[in-house]
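Asks: Dropping in structure_14.pdb, which is PDB, C-alpha atoms:
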ATOM      1  CA  MET G   1     144.631  83.779  54.976
ATOM      2  CA  THR G   2     148.168  82.472  54.707
ATOM      3  CA  GLU G   3     149.409  79.577  56.800
ATOM      4  CA  ASN G   4     151.962  81.857  58.502
ATOM      5  CA  ILE G   5     149.254  84.261  59.670
ATOM      6  CA  GLU G   6     147.144  81.408  61.046
ATOM      7  CA  ASN G   7     150.134  79.879  62.838
ATOM      8  CA  SER G   8     150.798  83.213  64.572
ATOM      9  CA  LYS G   9     147.395  83.125  66.283
ATOM     10  CA  SER G  10     147.575  81.966  69.898
ATOM     11  CA  ILE G  11     143.915  81.033  70.455
ATOM     12  CA  ASP G  12     142.462  78.086  68.559
ATOM     13  CA  VAL G  13     138.775  79.046  68.755
ATOM     14  CA  PHE G  14     136.801  82.097  69.902
ATOM     15  CA  GLY G  15     133.283  80.929  70.796
ATOM     16  CA  VAL G  16     130.083  82.947  71.142
ATOM     17  CA  GLY G  17     126.770  81.680  72.462
ATOM     18  CA  ASN G  18     124.024  81.822  75.045
ATOM     19  CA  ALA G  19     125.636  81.379  78.476
ATOM     20  CA  LEU G  20     123.349  79.009  80.347
ATOM     21  CA  VAL G  21     123.693  76.988  83.520
ATOM     22  CA  ASP G  22     122.476  73.498  82.628
ATOM     23  CA  ILE G  23     120.250  71.784  85.187
ATOM     24  CA  LEU G  24     120.347  68.067  84.392
ATOM     25  CA  ALA G  25     117.651  65.578  85.380
ATOM     26  CA  PHE G  26     116.634  62.057  84.413
ATOM     27  CA  VAL G  27     112.843  61.745  84.021
ATOM     28  CA  LYS G  28     110.279  59.215  82.840
ATOM     29  CA  ASP G  29     108.439  59.627  79.540
ATOM     30  CA  ASP G  30     105.280  60.496  81.464
ATOM     31  CA  PHE G  31     106.869  63.717  82.726
ATOM     32  CA  ILE G  32     107.366  64.966  79.165
ATOM     33  CA  LYS G  33     103.838  63.961  78.150
ATOM     34  CA  LYS G  34     102.219  65.449  81.248
ATOM     35  CA  HIS G  35     103.680  68.868  80.572
ATOM     36  CA  ASP G  36     103.198  68.698  76.791
ATOM     37  CA  ILE G  37     106.847  69.555  76.132
ATOM     38  CA  GLN G  38     108.308  69.228  72.639
ATOM     39  CA  ARG G  39     110.180  65.972  72.999
ATOM     40  CA  GLY G  40     113.748  65.943  71.747
ATOM     41  CA  GLY G  41     113.941  69.669  71.084
ATOM     42  CA  MET G  42     114.464  72.986  72.835
ATOM     43  CA  THR G  43     111.497  74.976  74.151
ATOM     44  CA  LEU G  44     111.838  78.537  75.438
ATOM     45  CA  VAL G  45     110.124  79.016  78.804
ATOM     46  CA  ASP G  46     109.884  81.869  81.287
ATOM     47  CA  ALA G  47     111.113  81.742  84.884
ATOM     48  CA  GLN G  48     107.678  80.770  86.223
ATOM     49  CA  GLN G  49     107.267  77.869  83.804
ATOM     50  CA  GLN G  50     110.747  76.570  84.490
ATOM     51  CA  GLY G  51     110.240  77.055  88.229
ATOM     52  CA  ALA G  52     107.064  74.975  88.142
ATOM     53  CA  LEU G  53     108.908  72.131  86.423
ATOM     54  CA  LEU G  54     111.732  72.314  88.949
ATOM     55  CA  HIS G  55     109.209  72.240  91.788
ATOM     56  CA  GLU G  56     107.946  68.897  90.512
ATOM     57  CA  LEU G  57     111.536  67.654  90.392
ATOM     58  CA  GLU G  58     112.351  68.626  93.986
ATOM     59  CA  ASN G  59     112.870  64.961  94.910
ATOM     60  CA  THR G  60     114.934  64.246  91.788
ATOM     61  CA  LYS G  61     118.732  64.396  91.849
ATOM     62  CA  LEU G  62     119.865  67.392  89.807
ATOM     63  CA  LYS G  63     123.317  68.218  88.448
ATOM     64  CA  LEU G  64     124.599  71.696  87.447
ATOM     65  CA  ARG G  65     127.036  72.470  84.641
ATOM     66  CA  SER G  66     128.140  75.636  82.856
ATOM     67  CA  GLY G  67     126.605  75.158  79.468
ATOM     68  CA  GLY G  68     124.960  76.469  76.377
ATOM     69  CA  SER G  69     125.740  74.744  73.098
ATOM     70  CA  ALA G  70     128.773  76.790  72.080
ATOM     71  CA  ALA G  71     130.227  76.693  75.607
ATOM     72  CA  ASN G  72     130.085  72.897  75.577
ATOM     73  CA  THR G  73     131.983  72.906  72.283
ATOM     74  CA  ILE G  74     134.601  75.306  73.596
ATOM     75  CA  ILE G  75     135.081  73.116  76.678
ATOM     76  CA  ALA G  76     135.637  70.069  74.448
ATOM     77  CA  ILE G  77     138.360  71.993  72.592
ATOM     78  CA  ALA G  78     140.119  72.754  75.881
ATOM     79  CA  GLN G  79     139.788  69.134  77.036
ATOM     80  CA  SER G  80     141.363  68.017  73.764
ATOM     81  CA  GLY G  81     144.421  70.137  74.536
ATOM     82  CA  GLY G  82     143.438  73.292  72.641
ATOM     83  CA  THR G  83     143.131  76.943  73.618
ATOM     84  CA  ALA G  84     139.785  78.714  73.654
ATOM     85  CA  PHE G  85     138.012  81.936  74.620
ATOM     86  CA  TYR G  86     134.281  82.089  75.294
ATOM     87  CA  THR G  87     131.855  84.999  75.172
ATOM     88  CA  GLY G  88     128.365  84.884  76.660
ATOM     89  CA  LYS G  89     126.276  87.033  79.007
ATOM     90  CA  VAL G  90     125.697  86.105  82.644
ATOM     91  CA  ALA G  91     124.332  88.100  85.584
ATOM     92  CA  GLY G  92     126.232  89.104  88.701
ATOM     93  CA  ASP G  93     124.392  86.423  90.662
ATOM     94  CA  THR G  94     125.323  83.045  92.171
ATOM     95  CA  ASN G  95     124.706  81.160  88.928
ATOM     96  CA  GLY G  96     126.750  83.708  86.995
ATOM     97  CA  GLU G  97     129.748  83.291  89.293
ATOM     98  CA  PHE G  98     129.359  79.506  89.175
ATOM     99  CA  TYR G  99     129.368  79.715  85.388
ATOM    100  CA  ARG G 100     132.542  81.818  85.278
ATOM    101  CA  GLN G 101     134.432  79.645  87.753
ATOM    102  CA  ASP G 102     133.339  76.435  86.060
ATOM    103  CA  LEU G 103     134.731  77.590  82.702
ATOM    104  CA  LEU G 104     137.991  78.824  84.203
ATOM    105  CA  GLU G 105     138.511  75.487  85.965
ATOM    106  CA  VAL G 106     138.433  73.614  82.642
ATOM    107  CA  GLY G 107     140.877  76.054  81.046
ATOM    108  CA  VAL G 108     138.532  78.272  79.041
ATOM    109  CA  GLU G 109     139.048  82.031  79.136
ATOM    110  CA  PHE G 110     135.813  83.868  79.974
ATOM    111  CA  ASP G 111     135.920  87.639  80.282
ATOM    112  CA  VAL G 112     132.543  89.306  79.875
ATOM    113  CA  THR G 113     131.258  91.978  82.254
ATOM    114  CA  PRO G 114     128.256  90.486  84.090
ATOM    115  CA  ALA G 115     124.880  92.172  83.843
ATOM    116  CA  ALA G 116     123.337  93.792  86.901
ATOM    117  CA  VAL G 117     121.087  91.427  88.839
ATOM    118  CA  SER G 118     118.255  93.927  88.314
ATOM    119  CA  GLN G 119     118.340  93.051  84.597
ATOM    120  CA  GLY G 120     117.419  89.437  85.289
ATOM    121  CA  PRO G 121     119.038  86.153  86.287
ATOM    122  CA  THR G 122     121.734  84.135  84.579
ATOM    123  CA  GLY G 123     120.073  81.937  81.965
ATOM    124  CA  THR G 124     119.290  78.339  82.820
ATOM    125  CA  CYS G 125     118.465  75.279  80.734
ATOM    126  CA  LEU G 126     116.538  72.407  82.305
ATOM    127  CA  VAL G 127     117.723  69.298  80.447
ATOM    128  CA  LEU G 128     115.307  66.388  80.800
ATOM    129  CA  THR G 129     116.676  63.008  79.749
ATOM    130  CA  THR G 130     114.280  60.083  79.237
ATOM    131  CA  PRO G 131     115.150  56.354  79.440
ATOM    132  CA  ASP G 132     115.774  56.188  75.671
ATOM    133  CA  ALA G 133     118.645  58.720  76.137
ATOM    134  CA  GLU G 134     116.706  61.471  74.341
ATOM    135  CA  ARG G 135     117.206  64.950  75.763
ATOM    136  CA  THR G 136     114.460  67.566  75.939
ATOM    137  CA  MET G 137     115.397  71.122  76.914
ATOM    138  CA  CYS G 138     113.341  73.827  78.609
ATOM    139  CA  THR G 139     115.336  77.039  78.457
ATOM    140  CA  ASN G 140     114.952  80.325  80.293
ATOM    141  CA  LEU G 141     117.412  82.563  78.482
ATOM    142  CA  GLY G 142     117.596  85.133  81.292
ATOM    143  CA  VAL G 143     120.223  87.818  80.688
ATOM    144  CA  SER G 144     121.925  85.745  77.984
ATOM    145  CA  ILE G 145     119.656  87.547  75.511
ATOM    146  CA  GLY G 146     121.408  90.763  76.541
ATOM    147  CA  LEU G 147     124.587  89.786  74.687
ATOM    148  CA  THR G 148     125.265  92.577  72.174
ATOM    149  CA  PRO G 149     127.911  93.414  69.560
ATOM    150  CA  SER G 150     129.714  95.567  72.143
ATOM    151  CA  ASP G 151     130.399  92.402  74.207
ATOM    152  CA  ILE G 152     132.508  90.925  71.411
ATOM    153  CA  ASN G 153     136.131  91.431  72.457
ATOM    154  CA  VAL G 154     138.008  91.978  69.220
ATOM    155  CA  LYS G 155     141.480  91.518  70.736
ATOM    156  CA  PRO G 156     141.174  87.786  71.559
ATOM    157  CA  LEU G 157     138.988  87.267  68.497
ATOM    158  CA  SER G 158     141.643  88.678  66.195
ATOM    159  CA  GLY G 159     144.194  86.361  67.809
ATOM    160  CA  SER G 160     142.108  83.254  67.086
ATOM    161  CA  LYS G 161     142.313  80.773  64.224
ATOM    162  CA  TYR G 162     138.538  80.210  64.118
ATOM    163  CA  SER G 163     135.418  81.805  65.506
ATOM    164  CA  TYR G 164     132.453  79.604  66.381
ATOM    165  CA  SER G 165     128.873  80.822  66.776
ATOM    166  CA  GLU G 166     125.745  78.868  67.657
ATOM    167  CA  GLY G 167     122.415  79.052  65.844
ATOM    168  CA  TYR G 168     120.632  79.631  69.156
ATOM    169  CA  LEU G 169     121.868  83.232  68.961
ATOM    170  CA  TRP G 170     119.294  83.744  66.236
ATOM    171  CA  SER G 171     116.511  83.624  68.874
ATOM    172  CA  GLY G 172     116.888  87.326  69.786
ATOM    173  CA  PRO G 173     117.766  90.548  67.933
ATOM    174  CA  ASP G 174     120.721  91.529  70.156
ATOM    175  CA  THR G 175     122.306  88.075  70.184
ATOM    176  CA  ARG G 176     121.752  87.826  66.438
ATOM    177  CA  ALA G 177     123.612  91.107  66.000
ATOM    178  CA  ALA G 178     126.415  89.785  68.224
ATOM    179  CA  CYS G 179     126.673  86.720  65.986
ATOM    180  CA  ILE G 180     126.971  88.846  62.859
ATOM    181  CA  GLU G 181     129.488  91.148  64.563
ATOM    182  CA  THR G 182     131.619  88.127  65.421
ATOM    183  CA  MET G 183     131.596  87.010  61.817
ATOM    184  CA  GLU G 184     132.256  90.514  60.469
ATOM    185  CA  GLN G 185     135.222  91.001  62.789
ATOM    186  CA  SER G 186     136.473  87.519  61.974
ATOM    187  CA  LYS G 187     136.606  88.313  58.274
ATOM    188  CA  ARG G 188     138.234  91.669  59.003
ATOM    189  CA  HIS G 189     141.039  90.045  61.020
ATOM    190  CA  GLY G 190     141.704  86.929  58.964
ATOM    191  CA  VAL G 191     139.873  84.539  61.304
ATOM    192  CA  ARG G 192     138.030  81.607  59.761
ATOM    193  CA  VAL G 193     134.318  81.420  60.546
ATOM    194  CA  SER G 194     132.420  78.351  61.753
ATOM    195  CA  PHE G 195     128.722  78.103  62.607
ATOM    196  CA  THR G 196     126.353  75.444  63.904
ATOM    197  CA  PHE G 197     122.636  75.228  63.129
ATOM    198  CA  SER G 198     121.991  74.107  66.741
ATOM    199  CA  ASP G 199     118.389  72.887  66.419
ATOM    200  CA  LYS G 200     115.807  71.908  63.815
ATOM    201  CA  PHE G 201     113.310  74.484  65.092
ATOM    202  CA  LEU G 202     115.840  77.207  64.262
ATOM    203  CA  VAL G 203     116.339  75.800  60.770
ATOM    204  CA  ASP G 204     112.554  75.680  60.293
ATOM    205  CA  SER G 205     112.296  79.319  61.398
ATOM    206  CA  PHE G 206     115.420  80.845  59.851
ATOM    207  CA  ALA G 207     116.502  78.655  56.926
ATOM    208  CA  GLU G 208     116.882  81.567  54.522
ATOM    209  CA  ASP G 209     118.774  83.630  57.091
ATOM    210  CA  PHE G 210     121.137  80.710  57.666
ATOM    211  CA  ARG G 211     121.579  80.250  53.923
ATOM    212  CA  LYS G 212     122.681  83.863  53.547
ATOM    213  CA  LEU G 213     124.872  83.678  56.637
ATOM    214  CA  ILE G 214     126.674  80.607  55.310
ATOM    215  CA  THR G 215     127.146  82.091  51.860
ATOM    216  CA  ASP G 216     128.356  85.489  53.091
ATOM    217  CA  TYR G 217     130.597  84.488  55.995
ATOM    218  CA  CYS G 218     131.185  80.820  56.742
ATOM    219  CA  ASP G 219     134.182  78.622  56.061
ATOM    220  CA  LEU G 220     132.837  75.668  58.053
ATOM    221  CA  VAL G 221     129.327  74.568  59.077
ATOM    222  CA  PHE G 222     128.014  71.961  61.523
ATOM    223  CA  CYS G 223     124.555  70.375  61.548
ATOM    224  CA  ASN G 224     122.911  67.046  62.308
ATOM    225  CA  ALA G 225     120.966  64.843  59.917
ATOM    226  CA  GLU G 226     117.566  66.174  60.960
ATOM    227  CA  GLU G 227     118.685  69.778  60.555
ATOM    228  CA  ALA G 228     120.291  69.046  57.185
ATOM    229  CA  ARG G 229     117.116  67.428  55.840
ATOM    230  CA  SER G 230     114.993  70.345  57.021
ATOM    231  CA  PHE G 231     117.437  72.886  55.584
ATOM    232  CA  CYS G 232     117.665  71.191  52.191
ATOM    233  CA  GLY G 233     114.139  69.783  51.901
ATOM    234  CA  MET G 234     115.545  66.391  50.932
ATOM    235  CA  GLU G 235     115.432  62.949  52.523
ATOM    236  CA  SER G 236     118.753  61.586  51.243
ATOM    237  CA  LEU G 237     121.513  62.707  53.597
ATOM    238  CA  GLU G 238     124.099  62.361  50.837
ATOM    239  CA  ASP G 239     122.048  64.681  48.610
ATOM    240  CA  CYS G 240     121.758  67.139  51.510
ATOM    241  CA  ALA G 241     125.516  67.018  52.001
ATOM    242  CA  ALA G 242     126.099  67.768  48.324
ATOM    243  CA  LYS G 243     123.669  70.687  48.451
ATOM    244  CA  ILE G 244     125.258  72.176  51.568
ATOM    245  CA  GLY G 245     128.638  71.701  49.895
ATOM    246  CA  GLU G 246     127.512  74.122  47.194
ATOM    247  CA  LEU G 247     127.251  76.851  49.865
ATOM    248  CA  VAL G 248     130.331  76.327  52.031
ATOM    249  CA  THR G 249     133.829  74.894  51.610
ATOM    250  CA  THR G 250     133.630  72.494  54.562
ATOM    251  CA  ALA G 251     130.673  70.964  56.440
ATOM    252  CA  PHE G 252     130.208  68.215  59.003
ATOM    253  CA  ILE G 253     126.831  66.477  59.238
ATOM    254  CA  THR G 254     126.378  64.175  62.224
ATOM    255  CA  ASP G 255     124.141  61.115  62.027
ATOM    256  CA  GLY G 256     124.042  59.646  65.523
ATOM    257  CA  PRO G 257     125.633  56.190  65.850
ATOM    258  CA  ASN G 258     126.246  56.145  62.092
ATOM    259  CA  GLY G 259     129.016  58.690  62.487
ATOM    260  CA  CYS G 260     129.065  61.672  60.162
ATOM    261  CA  LEU G 261     129.436  62.946  56.638
ATOM    262  CA  VAL G 262     132.327  65.264  55.875
ATOM    263  CA  VAL G 263     131.894  67.668  52.967
ATOM    264  CA  GLU G 264     135.110  69.247  51.746
ATOM    265  CA  ASN G 265     135.481  71.086  48.457
ATOM    266  CA  LYS G 266     132.238  69.420  47.275
ATOM    267  CA  GLN G 267     133.532  65.923  48.034
ATOM    268  CA  VAL G 268     131.454  63.867  50.494
ATOM    269  CA  THR G 269     133.114  61.302  52.782
ATOM    270  CA  HIS G 270     131.565  59.093  55.451
ATOM    271  CA  VAL G 271     133.438  58.764  58.760
ATOM    272  CA  ALA G 272     132.228  55.901  60.935
ATOM    273  CA  GLY G 273     131.051  56.382  64.494
ATOM    274  CA  PHE G 274     131.797  54.375  67.630
ATOM    275  CA  PRO G 275     129.161  51.792  68.661
ATOM    276  CA  VAL G 276     128.191  52.468  72.291
ATOM    277  CA  LYS G 277     125.091  52.220  74.463
ATOM    278  CA  ALA G 278     123.737  55.743  74.921
ATOM    279  CA  LEU G 279     122.579  56.937  78.332
ATOM    280  CA  ASP G 280     122.055  60.638  77.568
ATOM    281  CA  THR G 281     122.478  62.347  74.185
ATOM    282  CA  VAL G 282     122.714  65.903  75.529
ATOM    283  CA  GLY G 283     125.905  67.588  74.352
ATOM    284  CA  ALA G 284     126.879  64.945  71.801
ATOM    285  CA  GLY G 285     126.790  67.339  68.858
ATOM    286  CA  ASP G 286     128.602  69.996  70.880
ATOM    287  CA  ALA G 287     131.394  67.580  71.812
ATOM    288  CA  PHE G 288     131.646  66.491  68.185
ATOM    289  CA  ALA G 289     132.088  70.092  67.034
ATOM    290  CA  GLY G 290     134.728  70.655  69.700
ATOM    291  CA  GLY G 291     136.668  67.619  68.601
ATOM    292  CA  VAL G 292     136.495  68.662  64.958
ATOM    293  CA  LEU G 293     137.575  72.245  65.646
ATOM    294  CA  PHE G 294     140.488  71.029  67.739
ATOM    295  CA  GLY G 295     141.560  68.709  64.933
ATOM    296  CA  ILE G 296     141.197  71.318  62.205
ATOM    297  CA  THR G 297     143.198  73.896  64.170
ATOM    298  CA  HIS G 298     145.984  71.416  64.906
ATOM    299  CA  GLY G 299     146.769  70.270  61.391
ATOM    300  CA  TYR G 300     144.662  67.126  61.140
ATOM    301  CA  THR G 301     142.659  66.359  58.024
ATOM    302  CA  ALA G 302     138.899  66.881  58.037
ATOM    303  CA  ALA G 303     138.353  63.113  58.207
ATOM    304  CA  GLN G 304     140.784  62.738  61.127
ATOM    305  CA  ALA G 305     139.148  65.653  62.927
ATOM    306  CA  ALA G 306     135.755  64.019  62.388
ATOM    307  CA  ARG G 307     137.105  60.777  63.829
ATOM    308  CA  TRP G 308     138.131  62.596  67.013
ATOM    309  CA  GLY G 309     134.789  64.397  67.100
ATOM    310  CA  ASN G 310     132.907  61.108  66.735
ATOM    311  CA  TYR G 311     134.908  59.644  69.603
ATOM    312  CA  LEU G 312     134.200  62.533  71.982
ATOM    313  CA  ALA G 313     130.498  62.395  71.097
ATOM    314  CA  SER G 314     130.404  58.642  71.728
ATOM    315  CA  GLU G 315     131.944  59.160  75.162
ATOM    316  CA  VAL G 316     129.554  61.976  76.095
ATOM    317  CA  VAL G 317     126.417  59.940  75.329
ATOM    318  CA  GLN G 318     127.501  57.340  77.878
ATOM    319  CA  ILE G 319     127.313  59.783  80.812
ATOM    320  CA  GLN G 320     124.786  62.239  82.215
ATOM    321  CA  GLY G 321     125.355  65.763  81.025
ATOM    322  CA  PRO G 322     126.935  67.587  78.088
ATOM    323  CA  ARG G 323     130.622  67.152  78.762
ATOM    324  CA  LEU G 324     133.340  64.791  79.879
ATOM    325  CA  GLU G 325     135.461  65.211  82.990
ATOM    326  CA  GLY G 326     139.095  66.227  82.666
ATOM    327  CA  SER G 327     141.551  66.148  79.799
ATOM    328  CA  GLN G 328     140.977  63.793  76.879
ATOM    329  CA  ALA G 329     144.230  64.646  75.115
ATOM    330  CA  ASP G 330     146.030  61.414  76.022
ATOM    331  CA  LYS G 331     143.551  59.437  73.897
ATOM    332  CA  LEU G 332     143.877  61.627  70.789
ATOM    333  CA  GLN G 333     146.617  59.901  68.829
ATOM    334  CA  GLU G 334     145.268  56.411  69.483
ATOM    335  CA  ILE G 335     141.852  57.411  68.136
ATOM    336  CA  ILE G 336     143.223  59.308  65.139
ATOM    337  CA  ASP G 337     145.455  56.380  64.183
ATOM    338  CA  SER G 338     142.839  53.650  64.690
TER     339      SER G 338
END
Could you write out this file's structure as C-alpha cells?
Replies:
Amino acid sequence: MTENIENSKSIDVFGVGNALVDILAFVKDDFIKKHDIQRGGMTLVDAQQQGALLHELENTKLKLRSGGSAANTIIAIAQSGGTAFYTGKVAGDTNGEFYRQDLLEVGVEFDVTPAAVSQGPTGTCLVLTTPDAERTMCTNLGVSIGLTPSDINVKPLSGSKYSYSEGYLWSGPDTRAACIETMEQSKRHGVRVSFTFSDKFLVDSFAEDFRKLITDYCDLVFCNAEEARSFCGMESLEDCAAKIGELVTTAFITDGPNGCLVVENKQVTHVAGFPVKALDTVGAGDAFAGGVLFGITHGYTAAQAARWGNYLASEVVQIQGPRLEGSQADKLQEIIDS
C-alpha cells in the first residue's frame, strides 16, 4: 500500500470485538477463592452464574462502562485524538443502548443493527479487581456471539488505515468468521491488519490458528509476556520476540511495569515503562494497543508509539476500570519527546 493511498483514508482504525458492558467491582481475595474462579484470567459464565456473583455483590459499589477488549482500544485511539469505528453486537435492550451512547460520547462511531431482545441480552463482563490490582473477569457473552461476517461494514473499513481484531473473537464460530472477514476485506481494500492475542487461555487453545492467522494476514500483532511465552514455548522474552518477528513485520509485547518489547523487521527494541503504583490492571493492555495504533497511524515511529502506549497503560492502572476519562491528546507531545 502506497503512502498516498494510506493518507487518503479518513478513519485511523476500524475495530472489531465482543461488545460487552463491563461491570467493575473491587473484591477481596477470598471472593475469588470462594467461587473457584480462575484468578487473573477470563472465564466464560452463563447468565445464572454471573447473576449469582452479582447477587453476592449487591452491597458493593459497581461501575458500568462500555467495554470489551477491542472497544477499550478503540476508545483510547479516540482519546489520543484519532478517528475510529467500532463493530460489535449488542441487543436492543437497556445495556445495548447504554453501550451505543457511551461509545458515541467518547467520539467512536458505532453503527451495528442491534439484535432482537428475544435473541438474548447484551453481553456483560464482571471485572473483579483484588487488592494486588489483579483483574479477574467473568464474562457472559450474550448476543455478542451473534456477530457475523454480514455485520462487517466494508465502507468504513475500506476507508481505514488499520483494522484491529481481538483474539476473544476466536471463542465462537460466528465471531471467528467475522474476524477472518475483517482481515480478508482489509487485504482486499489496502487496509493494514492488526490483531491482539487477548488472553493466555486463547493462546493455549488456539496457538496454531493464531500462527496461521498472523502469517496469512497480519501486519502488526499485540501480546503480553505471558501470552508470548505460551505461544512460543520459551521462557526468554527476547527469544519469544525474535520468534514472533519471524512471523510478522511488527509486534509489540507488553511486560507490565517493565514496559514493552518492539519487534520491527526482526529487530527487537526495549521501550521503558512508567513506574506507578497500580490500583487496577484491567484495560492496561487495551490502552497500550490504542496508544500504539494512534502513534503508528499518525506518523510516529514504532518506539515512539510504544512510548505513548506505555504512558496510557500506566495511567489506566492507577484508576478503577479499563479507560481514562476525556481527551489525553494534550499530553502526547510531552510524552513522545521525554
Asks: I need the residue set behind the PyMOL selection byres ((chain G and resi 278-286) around 9) for this file; please write it as a tab-separated table (two decimals) with C-alpha atoms, in the frame of the given file.
Replies:
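This went into result.tsv:
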chain	number	residue	atom	x	y	z
G	26	PHE	CA	116.63	62.06	84.41
G	69	SER	CA	125.74	74.74	73.10
G	70	ALA	CA	128.77	76.79	72.08
G	71	ALA	CA	130.23	76.69	75.61
G	72	ASN	CA	130.08	72.90	75.58
G	73	THR	CA	131.98	72.91	72.28
G	74	ILE	CA	134.60	75.31	73.60
G	76	ALA	CA	135.64	70.07	74.45
G	127	VAL	CA	117.72	69.30	80.45
G	129	THR	CA	116.68	63.01	79.75
G	130	THR	CA	114.28	60.08	79.24
G	131	PRO	CA	115.15	56.35	79.44
G	132	ASP	CA	115.77	56.19	75.67
G	133	ALA	CA	118.64	58.72	76.14
G	134	GLU	CA	116.71	61.47	74.34
G	135	ARG	CA	117.21	64.95	75.76
G	136	THR	CA	114.46	67.57	75.94
G	198	SER	CA	121.99	74.11	66.74
G	222	PHE	CA	128.01	71.96	61.52
G	223	CYS	CA	124.56	70.38	61.55
G	224	ASN	CA	122.91	67.05	62.31
G	254	THR	CA	126.38	64.18	62.22
G	256	GLY	CA	124.04	59.65	65.52
G	276	VAL	CA	128.19	52.47	72.29
G	277	LYS	CA	125.09	52.22	74.46
G	287	ALA	CA	131.39	67.58	71.81
G	288	PHE	CA	131.65	66.49	68.18
G	289	ALA	CA	132.09	70.09	67.03
G	290	GLY	CA	134.73	70.66	69.70
G	291	GLY	CA	136.67	67.62	68.60
G	309	GLY	CA	134.79	64.40	67.10
G	310	ASN	CA	132.91	61.11	66.74
G	312	LEU	CA	134.20	62.53	71.98
G	313	ALA	CA	130.50	62.40	71.10
G	314	SER	CA	130.40	58.64	71.73
G	315	GLU	CA	131.94	59.16	75.16
G	316	VAL	CA	129.55	61.98	76.10
G	317	VAL	CA	126.42	59.94	75.33
G	318	GLN	CA	127.50	57.34	77.88
G	319	ILE	CA	127.31	59.78	80.81
G	320	GLN	CA	124.79	62.24	82.22
G	321	GLY	CA	125.36	65.76	81.03
G	322	PRO	CA	126.94	67.59	78.09
G	323	ARG	CA	130.62	67.15	78.76
Asks: Tell me which protein, DNA and RNA residues are within 7 Å of range 242-251 of chain G, counting all atoms listed in the file, leaving out same-chain ones fewer than 2 positions away, and put them as a list in words.
Replies: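 Everything that qualifies: Ile214, Thr215, Cys218, Asp219, Leu220, Val221, Phe222, Glu238, Asp239, Cys240, Ile253, Val262, Val263, Glu264, Asn265, Lys266 and Val268 of chain G.
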Asks: Output C-alpha atoms for every residue in that selection, as a short mmCIF file (atom, residue, chain, number, x, y, z; two decimals), keeping the file's coordinate frame.
Replies:
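To be explicit, this is the file written out as out_33.cif:
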data_model
loop_
_atom_site.label_atom_id
_atom_site.label_comp_id
_atom_site.auth_asym_id
_atom_site.auth_seq_id
_atom_site.Cartn_x
_atom_site.Cartn_y
_atom_site.Cartn_z
CA ILE G 214 126.67 80.61 55.31
CA THR G 215 127.15 82.09 51.86
CA CYS G 218 131.18 80.82 56.74
CA ASP G 219 134.18 78.62 56.06
CA LEU G 220 132.84 75.67 58.05
CA VAL G 221 129.33 74.57 59.08
CA PHE G 222 128.01 71.96 61.52
CA GLU G 238 124.10 62.36 50.84
CA ASP G 239 122.05 64.68 48.61
CA CYS G 240 121.76 67.14 51.51
CA ILE G 253 126.83 66.48 59.24
CA VAL G 262 132.33 65.26 55.88
CA VAL G 263 131.89 67.67 52.97
CA GLU G 264 135.11 69.25 51.75
CA ASN G 265 135.48 71.09 48.46
CA LYS G 266 132.24 69.42 47.28
CA VAL G 268 131.45 63.87 50.49
#
Asks: Calculate how many Å separate CA of Tyr311 in chain G from CA of Pro156 in chain G, rounding to one decimal.
Replies: 28.9 Å
Asks: Going by the chain IDs and residue numbers used in this file, which residues fall under the PyMOL selection byres ((chain G and resi 184) around 12)? Write them as a list in words.
Replies: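 Selection result, ordered by chain and number: Pro149, Ile152, Val154, Leu157, Ser158, Ser163, Ala177, Ala178, Cys179, Ile180, Glu181, Thr182, Met183, Gln185, Ser186, Lys187, Arg188, His189, Gly190, Val191, Arg192, Val193, Leu213, Asp216, Tyr217 and Cys218 of chain G.
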Asks: Enclose all atoms of range 96-105 of chain G listed in the file in an axis-aligned box, grow every side by 8 Å, and hand back centre and edge lengths in Å to one decimal, as AutoDock Vina command-line options.
Replies:
--center_x 132.6 --center_y 79.6 --center_z 86.0 --size_x 27.8 --size_y 24.2 --size_z 22.6
Asks: Within 6 Å of (122.3, 82.5, 83.1), in the coordinates the file gives, what residues turn up when you count all atoms listed in the file, written out as a ChimeraX atom specification?
Replies: /G:19-21,90,121-124,142
Asks: So how far away is CA of Thr196 in chain G from CA of Ala302 in chain G, in Å?
Replies: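 Straight-line distance from CA of Ala302 in chain G to CA of Thr196 in chain G works out to 16.3 Å.
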Asks: Just how far from CA of Arg229 in chain G is CA of Pro257 in chain G, in Å to one decimal?
Replies: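 Between CA of Pro257 in chain G and CA of Arg229 in chain G the gap works out to 17.3 Å.
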Asks: Write out as a PDB file with C-alpha atoms, keeping the file's coordinate frame each polymer residue whose atoms come within 9 Å of Thr113 in chain G, counting all atoms listed in the file; drop sequence neighbours fewer than 3 positions from it.
Replies:
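Dumped to out.pdb:
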ATOM      1  CA  LYS G  89     126.276  87.033  79.007  1.00  0.00           C
ATOM      2  CA  VAL G  90     125.697  86.105  82.644  1.00  0.00           C
ATOM      3  CA  ALA G  91     124.332  88.100  85.584  1.00  0.00           C
ATOM      4  CA  GLY G  92     126.232  89.104  88.701  1.00  0.00           C
ATOM      5  CA  ASP G 151     130.399  92.402  74.207  1.00  0.00           C
TER       6      ASP G 151
END
Asks: Taking 6 positions as the minimum chain separation for residues in the same chain, which residues sit within 10 Å of Gly51 in chain G when counting all atoms listed in the file? Answer as a list in words.
Replies: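 Result of the neighbour search: Val45, Leu57, Leu126 and Asn140 of chain G.
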